[in-house]
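Raw contents of query_36.pdb, PDB, C-alpha atoms, pLDDT in the B column:
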ATOM      1  CA  MET A   1       0.817 -13.594   7.048  1.00 58.00           C
ATOM      2  CA  ASP A   2       3.273 -10.759   7.418  1.00 86.00           C
ATOM      3  CA  ILE A   3       5.587 -11.980   4.656  1.00 85.00           C
ATOM      4  CA  LEU A   4       2.768 -11.892   2.099  1.00 85.00           C
ATOM      5  CA  LYS A   5       1.656  -8.403   3.160  1.00 88.00           C
ATOM      6  CA  ASN A   6       5.250  -7.175   3.061  1.00 90.00           C
ATOM      7  CA  TYR A   7       5.771  -8.707  -0.376  1.00 90.00           C
ATOM      8  CA  ASP A   8       2.584  -7.077  -1.697  1.00 92.00           C
ATOM      9  CA  LYS A   9       3.710  -3.694  -0.338  1.00 94.00           C
ATOM     10  CA  LEU A  10       7.123  -4.162  -1.954  1.00 94.00           C
ATOM     11  CA  SER A  11       5.525  -5.102  -5.282  1.00 95.00           C
ATOM     12  CA  ASP A  12       3.242  -2.055  -5.145  1.00 97.00           C
ATOM     13  CA  LYS A  13       6.215   0.188  -4.365  1.00 97.00           C
ATOM     14  CA  HIS A  14       8.280  -1.203  -7.248  1.00 97.00           C
ATOM     15  CA  CYS A  15       5.331  -0.934  -9.620  1.00 98.00           C
ATOM     16  CA  ILE A  16       4.692   2.759  -8.933  1.00 98.00           C
ATOM     17  CA  GLU A  17       8.442   3.496  -9.009  1.00 98.00           C
ATOM     18  CA  TYR A  18       8.705   1.929 -12.475  1.00 98.00           C
ATOM     19  CA  ILE A  19       5.695   3.920 -13.681  1.00 98.00           C
ATOM     20  CA  ASN A  20       7.111   7.177 -12.308  1.00 98.00           C
ATOM     21  CA  PHE A  21      10.518   6.431 -13.857  1.00 98.00           C
ATOM     22  CA  LEU A  22       8.990   5.722 -17.259  1.00 98.00           C
ATOM     23  CA  CYS A  23       6.829   8.855 -17.148  1.00 98.00           C
ATOM     24  CA  GLU A  24       9.703  11.094 -16.011  1.00 98.00           C
ATOM     25  CA  ASN A  25      11.858   9.783 -18.875  1.00 98.00           C
ATOM     26  CA  ASP A  26       9.144   9.935 -21.570  1.00 97.00           C
ATOM     27  CA  ILE A  27       9.236   6.185 -22.171  1.00 97.00           C
ATOM     28  CA  HIS A  28       5.912   4.866 -23.464  1.00 97.00           C
ATOM     29  CA  PHE A  29       4.768   1.573 -21.967  1.00 98.00           C
ATOM     30  CA  SER A  30       1.876  -0.834 -21.593  1.00 98.00           C
ATOM     31  CA  ILE A  31       0.225  -2.255 -18.512  1.00 98.00           C
ATOM     32  CA  LEU A  32      -1.606  -5.522 -18.099  1.00 98.00           C
ATOM     33  CA  CYS A  33      -4.272  -5.126 -15.413  1.00 98.00           C
ATOM     34  CA  ASP A  34      -6.774  -7.174 -13.471  1.00 97.00           C
ATOM     35  CA  PHE A  35     -10.188  -5.989 -14.721  1.00 96.00           C
ATOM     36  CA  THR A  36     -11.547  -5.842 -11.148  1.00 96.00           C
ATOM     37  CA  SER A  37      -8.963  -3.135 -10.333  1.00 97.00           C
ATOM     38  CA  VAL A  38      -9.986  -0.846 -13.210  1.00 98.00           C
ATOM     39  CA  SER A  39     -12.756   1.753 -13.355  1.00 98.00           C
ATOM     40  CA  PHE A  40     -13.931   4.122 -16.092  1.00 98.00           C
ATOM     41  CA  ASP A  41     -15.394   7.636 -15.805  1.00 97.00           C
ATOM     42  CA  PRO A  42     -17.718   7.948 -17.561  1.00 96.00           C
ATOM     43  CA  ILE A  43     -18.654   4.275 -17.564  1.00 96.00           C
ATOM     44  CA  LEU A  44     -18.180   2.714 -20.982  1.00 96.00           C
ATOM     45  CA  PRO A  45     -21.151   1.392 -22.980  1.00 95.00           C
ATOM     46  CA  GLU A  46     -21.818  -2.329 -22.467  1.00 94.00           C
ATOM     47  CA  GLU A  47     -20.971  -3.162 -26.084  1.00 93.00           C
ATOM     48  CA  ILE A  48     -17.406  -2.064 -25.268  1.00 94.00           C
ATOM     49  CA  SER A  49     -17.034  -3.161 -21.636  1.00 92.00           C
ATOM     50  CA  ASN A  50     -18.481  -6.628 -22.327  1.00 92.00           C
ATOM     51  CA  LYS A  51     -15.564  -7.304 -24.663  1.00 93.00           C
ATOM     52  CA  PHE A  52     -12.973  -6.907 -21.891  1.00 94.00           C
ATOM     53  CA  SER A  53     -11.360 -10.082 -20.605  1.00 94.00           C
ATOM     54  CA  PRO A  54     -10.319 -10.622 -16.958  1.00 96.00           C
ATOM     55  CA  LEU A  55      -6.959  -9.052 -17.891  1.00 96.00           C
ATOM     56  CA  ILE A  56      -6.925  -5.747 -19.792  1.00 96.00           C
ATOM     57  CA  TRP A  57      -3.941  -4.465 -21.748  1.00 96.00           C
ATOM     58  CA  PHE A  58      -3.571  -0.676 -21.959  1.00 97.00           C
ATOM     59  CA  ILE A  59      -0.998   0.877 -24.298  1.00 97.00           C
ATOM     60  CA  LEU A  60       0.117   4.144 -22.740  1.00 98.00           C
ATOM     61  CA  ALA A  61       1.410   6.292 -25.596  1.00 97.00           C
ATOM     62  CA  GLY A  62       0.577   9.616 -27.216  1.00 96.00           C
ATOM     63  CA  TYR A  63      -2.119  11.639 -25.462  1.00 96.00           C
ATOM     64  CA  THR A  64      -2.910   8.729 -23.147  1.00 97.00           C
ATOM     65  CA  PHE A  65       0.711   8.775 -21.950  1.00 98.00           C
ATOM     66  CA  GLU A  66       0.664  12.559 -21.519  1.00 98.00           C
ATOM     67  CA  SER A  67      -2.470  12.320 -19.360  1.00 98.00           C
ATOM     68  CA  ILE A  68      -1.019   9.828 -16.825  1.00 98.00           C
ATOM     69  CA  LYS A  69      -1.265  10.887 -13.197  1.00 98.00           C
ATOM     70  CA  SER A  70       0.279   8.634 -10.578  1.00 96.00           C
ATOM     71  CA  PHE A  71      -0.564   8.438  -6.921  1.00 95.00           C
ATOM     72  CA  GLN A  72       0.602   6.145  -4.139  1.00 91.00           C
ATOM     73  CA  ASP A  73      -2.028   3.476  -4.746  1.00 96.00           C
ATOM     74  CA  LEU A  74      -3.426   4.206  -8.224  1.00 98.00           C
ATOM     75  CA  ILE A  75      -2.848   5.771 -11.608  1.00 98.00           C
ATOM     76  CA  THR A  76      -5.260   7.569 -13.902  1.00 98.00           C
ATOM     77  CA  PHE A  77      -5.132   8.351 -17.607  1.00 98.00           C
ATOM     78  CA  GLU A  78      -7.457   9.329 -20.431  1.00 98.00           C
ATOM     79  CA  ALA A  79      -8.120   6.851 -23.217  1.00 97.00           C
ATOM     80  CA  GLY A  80     -10.458   6.343 -26.133  1.00 96.00           C
ATOM     81  CA  PHE A  81     -12.390   3.103 -26.686  1.00 95.00           C
ATOM     82  CA  GLY A  82     -14.221   1.476 -29.557  1.00 92.00           C
ATOM     83  CA  GLN A  83     -14.643   2.569 -33.163  1.00 92.00           C
ATOM     84  CA  ASP A  84     -15.987   5.943 -32.060  1.00 92.00           C
ATOM     85  CA  ASN A  85     -13.004   6.512 -29.730  1.00 93.00           C
ATOM     86  CA  ILE A  86     -15.282   7.103 -26.723  1.00 95.00           C
ATOM     87  CA  GLY A  87     -13.257   9.004 -24.132  1.00 96.00           C
ATOM     88  CA  SER A  88     -13.024   7.926 -20.521  1.00 97.00           C
ATOM     89  CA  ILE A  89     -10.751   8.546 -17.564  1.00 98.00           C
ATOM     90  CA  VAL A  90      -9.322   5.192 -16.550  1.00 98.00           C
ATOM     91  CA  THR A  91      -8.375   4.550 -12.926  1.00 98.00           C
ATOM     92  CA  VAL A  92      -6.191   1.545 -12.167  1.00 98.00           C
ATOM     93  CA  LEU A  93      -5.304   0.430  -8.656  1.00 98.00           C
ATOM     94  CA  ILE A  94      -1.562  -0.267  -8.378  1.00 98.00           C
ATOM     95  CA  LYS A  95      -2.302  -3.651  -6.786  1.00 97.00           C
ATOM     96  CA  GLY A  96      -4.165  -4.574  -9.982  1.00 97.00           C
ATOM     97  CA  ILE A  97      -1.234  -3.945 -12.332  1.00 98.00           C
ATOM     98  CA  MET A  98       0.116  -7.384 -13.207  1.00 98.00           C
ATOM     99  CA  GLN A  99       2.782  -6.351 -15.718  1.00 98.00           C
ATOM    100  CA  ILE A 100       4.533  -3.288 -17.064  1.00 98.00           C
ATOM    101  CA  ILE A 101       5.779  -3.836 -20.600  1.00 98.00           C
ATOM    102  CA  ILE A 102       8.117  -1.717 -22.732  1.00 98.00           C
ATOM    103  CA  LYS A 103       9.289  -2.121 -26.327  1.00 95.00           C
ATOM    104  CA  SER A 104      12.922  -2.907 -27.081  1.00 93.00           C
ATOM    105  CA  LYS A 105      14.864  -1.271 -29.916  1.00 92.00           C
ATOM    106  CA  ARG A 106      13.944  -4.341 -31.997  1.00 94.00           C
ATOM    107  CA  ASP A 107      10.229  -3.855 -31.215  1.00 92.00           C
ATOM    108  CA  GLU A 108      10.140  -6.800 -28.810  1.00 95.00           C
ATOM    109  CA  ASP A 109       7.951  -6.738 -25.717  1.00 95.00           C
ATOM    110  CA  ILE A 110      10.077  -6.579 -22.559  1.00 96.00           C
ATOM    111  CA  ILE A 111       8.381  -7.278 -19.231  1.00 97.00           C
ATOM    112  CA  LEU A 112       9.820  -4.668 -16.905  1.00 96.00           C
ATOM    113  CA  PHE A 113       7.599  -5.541 -13.933  1.00 97.00           C
ATOM    114  CA  ASN A 114       5.751  -8.772 -13.251  1.00 96.00           C
ATOM    115  CA  ARG A 115       3.584  -9.268 -10.171  1.00 94.00           C
ATOM    116  CA  TYR A 116       3.600 -12.746  -8.671  1.00 87.00           C
ATOM    117  CA  ALA A 117       1.427 -14.328  -6.010  1.00 80.00           C
ATOM    118  CA  LEU A 118       4.271 -15.185  -3.641  1.00 77.00           C
ATOM    119  CA  ASP A 119       2.327 -17.950  -1.897  1.00 74.00           C
ATOM    120  CA  THR A 120       2.088 -19.829  -5.221  1.00 74.00           C
ATOM    121  CA  ILE A 121       5.873 -19.709  -5.689  1.00 70.00           C
ATOM    122  CA  LEU A 122       7.356 -20.222  -2.236  1.00 70.00           C
ATOM    123  CA  GLU A 123       6.456 -22.457   0.636  1.00 68.00           C
ATOM    124  CA  ILE A 124       5.584 -19.976   3.358  1.00 63.00           C
ATOM    125  CA  LYS A 125       6.131 -21.396   6.821  1.00 63.00           C
ATOM    126  CA  ASN A 126       3.369 -20.751   9.278  1.00 59.00           C
ATOM    127  CA  THR A 127       5.179 -19.712  12.472  1.00 56.00           C
ATOM    128  CA  ASP A 128       1.947 -20.053  14.456  1.00 56.00           C
ATOM    129  CA  SER A 129       1.776 -23.794  13.752  1.00 54.00           C
ATOM    130  CA  ILE A 130       5.461 -24.198  14.712  1.00 54.00           C
ATOM    131  CA  GLN A 131       4.780 -22.436  18.014  1.00 61.00           C
ATOM    132  CA  ASP A 132       1.681 -24.597  18.617  1.00 64.00           C
ATOM    133  CA  SER A 133       3.731 -27.748  17.956  1.00 68.00           C
ATOM    134  CA  MET A 134       6.435 -26.666  20.410  1.00 64.00           C
ATOM    135  CA  GLU A 135       3.826 -25.904  23.067  1.00 72.00           C
ATOM    136  CA  ALA A 136       2.256 -29.336  22.546  1.00 70.00           C
ATOM    137  CA  ILE A 137       5.636 -31.042  22.948  1.00 69.00           C
ATOM    138  CA  LEU A 138       6.515 -29.044  26.060  1.00 69.00           C
ATOM    139  CA  SER A 139       3.120 -29.691  27.659  1.00 76.00           C
ATOM    140  CA  ASN A 140       4.282 -33.261  28.358  1.00 75.00           C
ATOM    141  CA  PRO A 141       6.578 -33.288  31.469  1.00 74.00           C
ATOM    142  CA  LYS A 142       8.620 -36.193  30.040  1.00 74.00           C
ATOM    143  CA  ASN A 143       9.404 -34.179  26.912  1.00 67.00           C
ATOM    144  CA  ARG A 144      10.473 -31.166  28.984  1.00 71.00           C
ATOM    145  CA  LYS A 145      12.860 -33.404  30.939  1.00 72.00           C
ATOM    146  CA  ILE A 146      14.342 -34.861  27.723  1.00 70.00           C
ATOM    147  CA  ILE A 147      14.843 -31.375  26.258  1.00 70.00           C
ATOM    148  CA  LYS A 148      16.548 -30.156  29.460  1.00 75.00           C
ATOM    149  CA  ASN A 149      18.910 -33.150  29.349  1.00 75.00           C
ATOM    150  CA  LEU A 150      19.691 -32.498  25.687  1.00 71.00           C
ATOM    151  CA  GLN A 151      20.433 -28.843  26.434  1.00 73.00           C
ATOM    152  CA  LYS A 152      22.753 -29.837  29.323  1.00 75.00           C
ATOM    153  CA  ASN A 153      24.597 -32.334  27.125  1.00 74.00           C
ATOM    154  CA  SER A 154      25.050 -29.807  24.334  1.00 69.00           C
ATOM    155  CA  LYS A 155      26.679 -27.341  26.766  1.00 69.00           C
ATOM    156  CA  ASN A 156      29.220 -29.953  27.907  1.00 60.00           C
TER     157      ASN A 156
END
Here is a file; write its structure as structure tokens.
Amino acid sequence: MDILKNYDKLSDKHCIEYINFLCENDIHFSILCDFTSVSFDPILPEEISNKFSPLIWFILAGYTFESIKSFQDLITFEAGFGQDNIGSIVTVLIKGIMQIIIKSKRDEDIILFNRYALDTILEIKNTDSIQDSMEAILSNPKNRKIIKNLQKNSKN
């Protein structure tokens, strides 16, 4: 549906705008990401990658923050993992960023951006089914006559 595609595009746009704003203003932040939208170069050892849950939380501060590069549909940054601080370049698709979190002055987590699945929140009307229903009603000559009479009466 167009509304869902438009909403996803809007969410992606807001997400990258927040990231660019935070980077331009030297504000450290965290991102919560869908694991399927994240890649590592070089690939991390299994003993590290197997510990990741479906959602990964990256804290972007210090050198990791300084290494952020943002593009229209993804960001990259360098990070260290595990006890040995194994370095990897992390690539995250913008569509996979679920939240952007900053710290308040009182060290509280503030969710600056939160991605929602719009179809789970709103009832999205399917305009195709409405059109099909209207065509079914109008396919009966008696219904067409009733609608014409109603339209005439509403004009008077």
Using all atoms listed in the file, pick whichever of A:Ile19, A:Asp109, A:Leu118, A:Ser30 has the shortest atom-to-atom distance to A:Lys5. A:Leu118
Under the PyMOL selection byres ((chain A and resi 53) around 12), which residues of this model are included? Write them out as an NGL selection string. :A and (32-36 or 38 or 48-52 or 54-57)
Need to verify the contact set: A:Cys15, 9 Å, all atoms listed in the file, exclusion of same-chain residues closer than 4 positions in sequence. Can you return it as a list of chain:residue names? A:Leu10, A:Ser11, A:Ile19, A:Asn20, A:Ile94, A:Lys95, A:Ile97, A:Gln99, A:Ile100, A:Phe113, A:Asn114, A:Arg115
For those residues, write C-alpha atoms to a file as an mmCIF file, in the frame of the given file.
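Contents of selection.cif, freshly written:
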data_model
loop_
_atom_site.group_PDB
_atom_site.id
_atom_site.type_symbol
_atom_site.label_atom_id
_atom_site.label_comp_id
_atom_site.auth_asym_id
_atom_site.auth_seq_id
_atom_site.Cartn_x
_atom_site.Cartn_y
_atom_site.Cartn_z
ATOM 1 C CA LEU A 10 7.123 -4.162 -1.954
ATOM 2 C CA SER A 11 5.525 -5.102 -5.282
ATOM 3 C CA ILE A 19 5.695 3.920 -13.681
ATOM 4 C CA ASN A 20 7.111 7.177 -12.308
ATOM 5 C CA ILE A 94 -1.562 -0.267 -8.378
ATOM 6 C CA LYS A 95 -2.302 -3.651 -6.786
ATOM 7 C CA ILE A 97 -1.234 -3.945 -12.332
ATOM 8 C CA GLN A 99 2.782 -6.351 -15.718
ATOM 9 C CA ILE A 100 4.533 -3.288 -17.064
ATOM 10 C CA PHE A 113 7.599 -5.541 -13.933
ATOM 11 C CA ASN A 114 5.751 -8.772 -13.251
ATOM 12 C CA ARG A 115 3.584 -9.268 -10.171
#
Once the PyMOL selection byres ((chain A and resi 39) around 10) has been evaluated on this model, what residues remain selected, and can you format them as a list in words? Phe35, Thr36, Ser37, Val38, Phe40, Asp41, Pro42, Ile43, Leu44, Thr76, Ser88, Ile89, Val90, Thr91, Val92 and Leu93 of chain A
In Å, with one decimal, what is the gap from atom CA of A:Asp73 to atom CA of A:Ile111?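 We find that atom CA of A:Asp73 and atom CA of A:Ile111 lie 20.8 Å from each other.
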Once the PyMOL selection byres ((chain A and resi 27) around 10) has been evaluated on this model, what residues remain selected, and can you format them as a ChimeraX atom specification? /A:19,21-26,28-29,60-61,65,102-103
Return the single residue from A:Ile59, A:Tyr18, A:Met98, A:Lys13 that is closest to A:Gln72, with distances computed using all atoms listed in the file. A:Lys13
Near A:Thr64, counting all atoms listed in the file, which residues have an atom at most 8 Å away, once you skip same-chain residues fewer than 6 positions from it, shown as number ranges by chain? A: 77-79
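Atom CA of A:Asn149 is positioned 17.9 Å from atom CA of A:Glu135.
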Using only C-alpha atoms: which of A:Gly80, A:Ser67, A:Pro141, A:Ile75 has the shortest distance to A:Asp12: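 Of A:Gly80, A:Ser67, A:Pro141, A:Ile75, the one nearest A:Asp12, counting only C-alpha atoms, is A:Ile75.
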